[in-house]
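Student: One file is attached below, start.tsv, containing TSV, C-alpha atoms and all ligand atoms.
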chain	number	residue	atom	x	y	z
A	28	MET	CA	5.15	12.32	4.21
A	29	THR	CA	1.68	12.38	5.64
A	30	VAL	CA	-0.06	9.20	4.71
A	31	THR	CA	-3.64	8.10	4.92
A	32	ALA	CA	-4.73	4.49	4.75
A	33	LEU	CA	-7.19	3.33	2.17
A	34	PHE	CA	-9.19	0.16	1.75
A	35	ALA	CA	-10.15	-2.72	4.00
A	36	GLY	CA	-7.62	-5.29	5.18
A	37	LEU	CA	-6.20	-8.06	3.10
A	38	PRO	CA	-6.63	-11.68	4.23
A	39	GLY	CA	-4.59	-13.12	7.07
A	40	ARG	CA	-0.94	-14.05	6.86
A	41	ALA	CA	-0.07	-17.51	5.61
A	42	VAL	CA	2.01	-19.98	7.50
A	43	VAL	CA	4.15	-20.77	4.46
A	44	ILE	CA	6.47	-17.79	4.08
A	45	GLU	CA	9.50	-17.67	1.82
A	46	ASN	CA	11.93	-14.94	0.85
A	47	VAL	CA	12.26	-14.58	-2.94
A	48	GLY	CA	14.59	-11.74	-3.89
A	49	VAL	CA	13.24	-8.55	-2.32
A	50	TRP	CA	9.93	-10.22	-1.53
A	51	GLN	CA	8.70	-12.00	1.52
A	52	VAL	CA	6.15	-14.26	-0.13
A	53	SER	CA	3.21	-15.74	1.75
A	54	TRP	CA	2.02	-18.78	-0.17
A	55	MET	CA	-1.59	-18.78	0.99
A	56	GLN	CA	-3.07	-22.19	1.75
A	57	THR	CA	-6.67	-23.31	1.91
A	58	THR	CA	-6.21	-23.70	5.64
A	59	ASP	CA	-5.35	-20.01	5.98
A	60	SER	CA	-8.61	-18.63	4.67
A	61	THR	CA	-11.73	-19.75	2.86
A	62	SER	CA	-10.75	-17.12	0.28
A	63	TYR	CA	-8.26	-19.63	-1.09
A	64	SER	CA	-9.49	-22.72	-2.86
A	65	LYS	CA	-6.28	-24.50	-3.82
A	66	ASN	CA	-2.71	-24.82	-2.58
A	67	PHE	CA	0.35	-24.15	-4.75
A	68	THR	CA	2.24	-26.94	-6.40
A	69	ALA	CA	6.02	-26.81	-6.50
A	70	ALA	CA	5.90	-26.20	-10.26
A	71	GLU	CA	3.51	-23.27	-9.82
A	72	GLN	CA	5.74	-21.77	-7.17
A	73	THR	CA	8.77	-22.11	-9.44
A	74	ALA	CA	7.02	-20.36	-12.33
A	75	ILE	CA	5.91	-17.47	-10.10
A	76	LYS	CA	9.29	-17.19	-8.40
A	77	ASN	CA	10.93	-16.89	-11.81
A	78	SER	CA	8.77	-13.86	-12.59
A	79	LEU	CA	9.42	-12.28	-9.20
A	80	LEU	CA	13.14	-12.65	-9.77
A	81	THR	CA	12.84	-11.29	-13.32
A	82	TRP	CA	11.44	-8.02	-11.95
A	83	ASP	CA	13.91	-8.03	-9.08
A	84	ASN	CA	16.84	-8.38	-11.48
A	85	LEU	CA	15.60	-5.44	-13.56
A	86	ILE	CA	15.10	-3.03	-10.68
A	87	GLY	CA	18.05	-1.39	-9.02
A	88	ASP	CA	16.28	0.23	-6.07
A	89	THR	CA	16.87	-1.16	-2.60
A	90	PRO	CA	13.78	-1.68	-0.45
A	91	VAL	CA	13.78	-0.54	3.16
A	92	ARG	CA	12.61	-4.04	4.09
A	93	GLN	CA	11.30	-7.17	2.36
A	94	VAL	CA	8.21	-6.43	0.26
A	95	GLN	CA	5.38	-8.48	1.73
A	96	LEU	CA	3.40	-10.27	-0.94
A	97	GLN	CA	0.47	-12.65	-0.46
A	98	LEU	CA	-0.17	-15.15	-3.25
A	99	GLY	CA	-3.13	-17.47	-3.51
A	100	TRP	CA	-5.58	-19.34	-5.72
A	101	SER	CA	-9.27	-18.60	-5.98
A	102	ALA	CA	-12.18	-18.97	-8.37
A	103	LEU	CA	-12.19	-15.61	-10.13
A	104	GLY	CA	-14.72	-14.35	-12.63
A	105	ALA	CA	-15.11	-16.09	-15.98
A	106	GLY	CA	-12.04	-15.50	-18.09
A	107	VAL	CA	-10.17	-13.72	-15.29
A	108	LEU	CA	-6.67	-15.11	-14.88
A	109	GLY	CA	-5.28	-13.03	-12.07
A	110	GLN	CA	-5.97	-10.09	-9.83
A	111	SER	CA	-3.70	-7.87	-7.83
A	112	SER	CA	-4.84	-5.91	-4.81
A	113	ASN	CA	-2.75	-2.91	-3.93
A	114	PRO	CA	-3.59	-0.68	-1.01
A	115	LEU	CA	-2.60	2.93	-1.61
A	116	LEU	CA	-1.19	5.48	0.79
A	117	GLY	CA	-1.32	9.11	-0.16
A	118	ASN	CA	-0.49	12.62	0.96
A	119	TYR	CA	-3.61	14.15	-0.64
A	120	THR	CA	-1.60	14.87	-3.79
A	121	THR	CA	0.12	11.61	-4.72
A	122	ALA	CA	-0.84	8.07	-3.76
A	123	TYR	CA	1.53	5.11	-3.78
A	124	THR	CA	1.20	1.36	-3.65
A	125	PHE	CA	2.76	-0.11	-0.52
A	126	THR	CA	5.27	-1.80	-2.83
A	127	GLU	CA	6.30	1.53	-4.36
A	128	LEU	CA	6.70	3.05	-0.90
A	129	THR	CA	8.74	0.19	0.48
A	130	TRP	CA	10.91	-0.55	-2.50
A	131	ARG	CA	11.22	2.70	-4.45
A	132	GLU	CA	10.39	5.55	-2.07
A	133	ALA	CA	12.34	4.12	0.89
A	134	TYR	CA	9.40	4.87	3.15
A	135	SER	CA	9.59	2.78	6.28
A	136	PHE	CA	6.28	1.57	7.64
A	137	SER	CA	4.45	-1.62	8.45
A	138	PRO	CA	1.33	-2.65	6.53
A	139	SER	CA	-0.15	-3.70	9.86
A	140	SER	CA	-0.12	-0.10	11.04
A	141	TYR	CA	-2.73	0.55	8.35
A	142	GLY	CA	-4.69	-2.62	8.97
A	143	TYR	CA	-3.07	-4.79	6.32
A	144	ASN	CA	-1.18	-8.05	6.53
A	145	SER	CA	0.94	-7.46	3.43
A	146	ASP	CA	1.99	-4.82	0.92
A	147	ALA	CA	0.17	-6.49	-1.95
A	148	ALA	CA	-1.91	-9.56	-2.73
A	149	ILE	CA	-2.13	-11.45	-6.01
A	150	THR	CA	-4.74	-14.09	-6.64
A	151	PHE	CA	-4.61	-16.51	-9.56
A	152	GLY	CA	-7.76	-17.98	-11.03
A	153	THR	CA	-8.59	-21.65	-10.76
A	154	GLY	CA	-10.45	-23.32	-13.60
A	155	ILE	CA	-7.76	-22.40	-16.14
A	156	SER	CA	-5.37	-24.81	-17.85
A	157	TRP	CA	-2.18	-23.33	-16.50
A	158	TYR	CA	1.22	-23.99	-18.02
A	159	THR	CA	4.02	-23.90	-15.46
A	160	GLY	CA	7.04	-24.98	-17.50
A	161	SER	CA	9.75	-22.93	-19.14
A	162	GLY	CA	8.90	-23.94	-22.69
A	163	SER	CA	5.85	-23.18	-24.80
A	164	PRO	CA	2.30	-23.57	-23.47
A	165	GLY	CA	-0.15	-25.61	-25.50
A	166	GLY	CA	-2.85	-23.96	-27.55
A	167	GLY	CA	-5.38	-24.26	-24.71
A	168	GLU	CA	-3.02	-23.27	-21.92
A	169	ILE	CA	-2.20	-20.01	-20.15
A	170	ASP	CA	1.36	-19.35	-19.06
A	171	LEU	CA	1.46	-18.85	-15.30
A	172	ALA	CA	4.82	-17.05	-15.25
A	173	SER	CA	3.51	-14.52	-17.78
A	174	VAL	CA	0.41	-13.76	-15.74
A	175	ALA	CA	2.49	-13.49	-12.57
A	176	LEU	CA	4.82	-11.04	-14.31
A	177	HIS	CA	1.81	-8.94	-15.31
A	178	GLU	CA	0.20	-8.88	-11.88
A	179	ILE	CA	3.50	-8.00	-10.20
A	180	GLY	CA	3.69	-5.10	-12.65
A	181	HIS	CA	0.54	-3.64	-11.10
A	182	THR	CA	2.09	-3.76	-7.64
A	183	LEU	CA	5.01	-1.75	-9.02
A	184	GLY	CA	2.74	1.10	-10.02
A	185	PHE	CA	0.59	0.25	-13.04
A	186	THR	CA	-2.44	1.34	-11.04
A	187	SER	CA	-4.86	4.22	-10.72
A	188	SER	CA	-6.85	5.90	-7.97
A	189	TYR	CA	-9.67	6.74	-10.38
A	190	ASN	CA	-13.13	5.85	-9.11
A	191	ASN	CA	-15.59	5.34	-11.91
A	192	ALA	CA	-18.56	5.51	-9.55
A	193	THR	CA	-17.78	9.12	-8.67
A	194	ASP	CA	-15.84	9.92	-11.87
A	195	LYS	CA	-13.10	11.34	-9.64
A	196	TRP	CA	-9.59	10.51	-8.58
A	197	SER	CA	-9.16	9.73	-4.92
A	198	ASN	CA	-9.03	12.54	-2.40
A	199	VAL	CA	-5.97	10.76	-0.99
A	200	GLY	CA	-4.00	11.38	-4.19
A	201	ILE	CA	-3.38	10.25	-7.74
A	202	THR	CA	-0.87	7.51	-8.43
A	203	THR	CA	2.39	8.38	-10.11
A	204	TRP	CA	1.07	6.44	-13.12
A	205	ASP	CA	-2.04	8.65	-13.10
A	206	SER	CA	0.12	11.76	-13.17
A	207	TYR	CA	1.26	10.82	-16.69
A	208	LEU	CA	-2.19	10.20	-18.17
A	209	ARG	CA	-3.67	12.67	-20.64
A	210	ASP	CA	-6.98	12.51	-22.45
A	211	VAL	CA	-7.49	13.57	-26.04
A	212	ASN	CA	-8.04	17.19	-24.93
A	213	GLY	CA	-4.98	17.35	-22.71
A	214	ASN	CA	-6.86	16.96	-19.42
A	215	GLN	CA	-5.06	15.08	-16.69
A	216	PRO	CA	-5.90	13.47	-13.34
A	217	LEU	CA	-5.97	15.51	-10.15
A	218	ALA	CA	-6.60	14.35	-6.59
A	219	ASN	CA	-10.20	14.67	-5.41
A	220	SER	CA	-11.19	16.00	-8.81
A	221	THR	CA	-12.64	15.01	-12.15
A	222	GLY	CA	-9.44	16.27	-13.78
A	223	THR	CA	-7.53	19.37	-14.73
A	224	PRO	CA	-7.83	21.75	-16.49
A	225	GLY	CA	-11.10	20.10	-17.50
A	226	ASN	CA	-13.04	16.93	-16.81
A	227	PHE	CA	-11.01	13.92	-17.96
A	228	ALA	CA	-12.82	12.37	-20.91
A	229	ALA	CA	-15.38	9.64	-20.37
A	230	ILE	CA	-13.67	6.26	-20.60
A	231	ASN	CA	-14.55	4.68	-23.91
A	232	SER	CA	-12.76	3.47	-26.96
A	233	THR	CA	-13.23	6.71	-28.85
A	234	ASN	CA	-11.43	8.87	-26.29
A	235	PRO	CA	-7.79	7.84	-26.49
A	236	VAL	CA	-5.69	8.24	-23.37
A	237	THR	CA	-1.92	8.46	-23.57
A	238	PHE	CA	0.99	8.17	-21.16
A	239	VAL	CA	3.26	11.21	-21.46
A	240	GLY	CA	6.38	10.07	-19.59
A	241	VAL	CA	9.56	11.01	-21.43
A	242	ASN	CA	11.20	7.58	-21.17
A	243	ALA	CA	8.09	5.74	-22.35
A	244	THR	CA	7.66	8.17	-25.21
A	245	ALA	CA	11.29	7.79	-26.23
A	246	VAL	CA	11.05	4.00	-26.61
A	247	ASN	CA	7.76	4.43	-28.49
A	248	SER	CA	9.31	6.27	-31.45
A	249	GLY	CA	8.63	9.66	-29.89
A	250	ILE	CA	4.89	9.08	-29.66
A	251	ASN	CA	3.13	9.09	-26.30
A	252	PRO	CA	2.17	5.44	-25.74
A	253	GLY	CA	-1.50	4.50	-25.68
A	254	VAL	CA	-3.26	3.50	-22.47
A	255	PHE	CA	-6.04	0.92	-22.56
A	256	THR	CA	-9.43	2.53	-22.04
A	257	SER	CA	-12.18	0.19	-23.17
A	258	THR	CA	-13.26	-2.33	-25.74
A	259	GLY	CA	-16.16	-0.04	-26.57
A	260	THR	CA	-18.60	-0.66	-23.75
A	261	GLY	CA	-17.32	2.04	-21.43
A	262	TYR	CA	-15.27	1.84	-18.25
A	263	MET	CA	-14.03	-1.68	-17.41
A	264	GLY	CA	-13.22	-1.99	-13.72
A	265	GLY	CA	-9.75	-3.43	-13.21
A	266	SER	CA	-8.87	-3.00	-16.88
A	267	SER	CA	-9.44	0.61	-17.93
A	268	LEU	CA	-6.65	3.13	-17.33
A	269	VAL	CA	-4.16	0.69	-15.75
A	270	HIS	CA	-2.73	-1.04	-18.84
A	271	VAL	CA	-0.89	-0.11	-21.99
A	272	ASN	CA	-2.88	-0.43	-25.20
A	273	TYR	CA	-0.62	-2.79	-27.15
A	274	PRO	CA	-1.90	-6.37	-27.45
A	275	SER	CA	1.56	-7.95	-27.54
A	276	ASP	CA	2.76	-6.12	-24.43
A	277	PRO	CA	2.98	-7.98	-21.10
A	278	MET	CA	1.06	-5.10	-19.49
A	279	TYR	CA	-1.88	-5.25	-21.95
A	280	TYR	CA	-5.21	-5.91	-20.23
A	281	ALA	CA	-5.65	-9.34	-21.77
A	282	THR	CA	-3.60	-12.24	-22.98
A	283	TYR	CA	-4.09	-15.24	-25.19
A	284	TYR	CA	-3.91	-19.00	-25.01
A	285	GLY	CA	-0.39	-20.13	-25.71
A	286	ALA	CA	1.12	-16.65	-25.26
A	287	VAL	CA	4.44	-16.22	-23.46
A	288	ASN	CA	5.38	-12.87	-21.92
A	289	ARG	CA	7.86	-13.71	-19.20
A	290	THR	CA	9.92	-10.54	-19.57
A	291	PRO	CA	8.73	-6.92	-19.33
A	292	SER	CA	8.82	-5.01	-22.61
A	293	ALA	CA	11.11	-2.05	-23.20
A	294	LEU	CA	7.98	0.08	-22.91
A	295	ASP	CA	7.05	-1.41	-19.53
A	296	LEU	CA	10.53	-0.71	-18.22
A	297	ALA	CA	10.53	2.81	-19.62
A	298	ILE	CA	7.20	3.46	-17.88
A	299	LEU	CA	8.65	2.22	-14.61
A	300	LYS	CA	11.58	4.55	-15.15
A	301	ASP	CA	9.12	7.41	-15.59
A	302	LEU	CA	7.45	6.34	-12.35
A	303	GLY	CA	10.79	6.78	-10.63
A	304	TRP	CA	12.22	3.27	-10.56
A	305	THR	CA	15.89	2.59	-11.21
A	306	ILE	CA	16.01	0.18	-14.14
A	307	VAL	CA	19.09	-1.91	-14.84
A	308	PRO	CA	19.87	-3.10	-18.39
A	309	GLU	CA	17.28	-5.53	-19.67
A	310	PRO	CA	17.87	-9.01	-21.03
A	311	ALA	CA	16.67	-10.24	-24.40
A	312	MET	CA	12.94	-10.05	-25.02
A	313	ALA	CA	10.68	-13.05	-24.72
A	314	MET	CA	8.91	-14.35	-27.77
A	315	LEU	CA	5.21	-13.75	-28.08
A	316	LEU	CA	2.85	-16.24	-29.64
A	317	LEU	CA	-0.61	-14.98	-30.48
A	318	VAL	CA	-3.41	-17.48	-30.55
A	319	SER	CA	-7.12	-16.86	-30.74
A	320	GLY	CA	-9.10	-16.17	-27.63
A	321	THR	CA	-9.02	-13.35	-25.13
A	322	LEU	CA	-8.73	-13.68	-21.39
A	323	LEU	CA	-8.69	-10.87	-18.90
A	324	LEU	CA	-5.85	-9.85	-16.66
A	325	ARG	CA	-7.42	-7.71	-14.02
A	326	SER	CA	-6.05	-5.27	-11.53
A	327	ARG	CA	-8.71	-5.18	-8.90
A	328	GLN	CA	-8.58	-1.58	-7.80
A	329	ARG	CA	-10.14	-1.45	-4.41
A	330	ARG	CA	-11.73	1.90	-3.85
A	331	PRO	CA	-10.89	4.32	-1.11
A	332	PRO	CA	-13.67	5.60	1.08
A	333	GLU	CA	-14.76	9.08	0.14
A	334	THR	CA	-13.96	10.89	3.34
A	335	GLY	CA	-14.81	14.32	2.05
A	336	HIS	CA	-11.39	15.43	3.08
A	401	ZN	ZN	-3.66	-6.10	-15.45
Have the structure of the file written as structure tokens, please.
Tutor:
Amino acid sequence: MTVTALFAGLPGRAVVIENVGVWQVSWMQTTDSTSYSKNFTAAEQTAIKNSLLTWDNLIGDTPVRQVQLQLGWSALGAGVLGQSSNPLLGNYTTAYTFTELTWREAYSFSPSSYGYNSDAAITFGTGISWYTGSGSPGGGEIDLASVALHEIGHTLGFTSSYNNATDKWSNVGITTWDSYLRDVNGNQPLANSTGTPGNFAAINSTNPVTFVGVNATAVNSGINPGVFTSTGTGYMGGSSLVHVNYPSDPMYYATYYGAVNRTPSALDLAILKDLGWTIVPEPAMAMLLLVSGTLLLRSRQRRPPETGH
């Protein structure tokens, strides 16, 4: 396919590199870049590796090479637990994360040929009381494995090329996820457009958006699953349009102190199936504990340049 690079480069490659399942993980150290403010502990690495392997065990596709993933710690915004950065490549119709291309689409390329040092980068927020064990987090703790699972989910395709500043989807293409979005009037995303047949509804809590994939709808009792739009204040960068709208789901935009979501839901897996992934039978579901307090899980969607193409 014809591909066009988006976005500026990710930070430099770490010295500490480890293969974990299909991934080639770069554990970014403070000595690698001033972007990173803390090194990983062994317990943190174990928790994250468990989530990487959980996804790996659920996906039957074979990547054309190891998926290059940079992981690091940084001070994120207040209440932000994690961020994933996913460059997109597109053919002016459809845009893909590098992870989708490498792992699912069997497209052979090097991130460096587009100015990147990895296929994806995930940053975890410092200043949080992280729980790294395999039991239950305390009431004031956030489960690191659960947040890692969520952020990895974005690299697998829970992402959009919508640009709120222009109210358009990227000229490079819409993501496969985008292709399943419908607003309350049936409008859908279209590359380099505000939507088709009409302008996709303004993003707010009174304009429900649904995901119309057949697998996702089947596991949701025949109803198109809801997509998170807003808490009522309009478009939320990194949160709107890239999450499901079910608070107990691992791919909801927020989580809670004490919550455990170390396994994708049946809905998450069905969505991935709609995106084109091969899903192998899932294990038993993880238990969810809901405690008061809301913290954000953000997918930092870097914006493509508007090239006028
Ligand atoms: Zn997210």
Student: Rounded to one decimal place, report the CA of Glu127 (chain A)-CA of Val47 (chain A) distance in Å.
Tutor: 17.2 Å
Student: For a test of reading the model, state the distance in Å between CA of Asn251 (chain A) and CA of Gly184 (chain A), rounded to one decimal.
Tutor: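 Computing the Euclidean distance for CA of Asn251 (chain A) and CA of Gly184 (chain A) yields 18.1 Å.
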Student: Please identify all polymer residues within 8 Å of region 87-90 of chain A, counting only C-alpha atoms, omitting same-chain residues fewer than 3 positions from it, and present them as a PDB file with C-alpha atoms, in the frame of the given file.
Tutor:
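What ended up in result.pdb:
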ATOM      1  CA  VAL A  49      13.240  -8.550  -2.320  1.00  0.00           C
ATOM      2  CA  ASP A  83      13.910  -8.030  -9.080  1.00  0.00           C
ATOM      3  CA  ASN A  84      16.840  -8.380 -11.480  1.00  0.00           C
ATOM      4  CA  GLN A  93      11.300  -7.170   2.360  1.00  0.00           C
ATOM      5  CA  VAL A  94       8.210  -6.430   0.260  1.00  0.00           C
ATOM      6  CA  THR A 129       8.740   0.190   0.480  1.00  0.00           C
ATOM      7  CA  TRP A 130      10.910  -0.550  -2.500  1.00  0.00           C
ATOM      8  CA  ARG A 131      11.220   2.700  -4.450  1.00  0.00           C
ATOM      9  CA  ALA A 133      12.340   4.120   0.890  1.00  0.00           C
ATOM     10  CA  TRP A 304      12.220   3.270 -10.560  1.00  0.00           C
ATOM     11  CA  THR A 305      15.890   2.590 -11.210  1.00  0.00           C
ATOM     12  CA  ILE A 306      16.010   0.180 -14.140  1.00  0.00           C
ATOM     13  CA  VAL A 307      19.090  -1.910 -14.840  1.00  0.00           C
TER      14      VAL A 307
END
Student: Would you list the contacts of Val271 (chain A) as a list of chain:residue names, taking every protein, DNA or RNA residue within 9 Å and counting all atoms listed in the file, but skipping same-chain residues closer than 4 positions in sequence?
Tutor: A:Thr237, A:Phe238, A:Pro252, A:Gly253, A:Val254, A:Phe255, A:Thr256, A:Asp276, A:Pro277, A:Met278, A:Tyr279, A:Tyr280, A:Leu294, A:Asp295
Student: Could you list, as a ChimeraX atom specification, all residues that come within 10 Å of ligand ZN 401 (chain A)? Count only C-alpha atoms and all ligand atoms.
Tutor: /A:108-111,174,176-182,185-186,265-271,277-282,323-327
Student: By how many Å are CA of Asn219 (chain A) and CA of Lys195 (chain A) apart?
Tutor: 6.1 Å
Student: Could you give me, as a VMD selection string, the residues that sit within 10 Å of (0.1, -25.4, -6.2) in the file's coordinates, counting all atoms listed in the file?
Tutor: chain A and resid 54 to 56 65 to 73 99 to 100
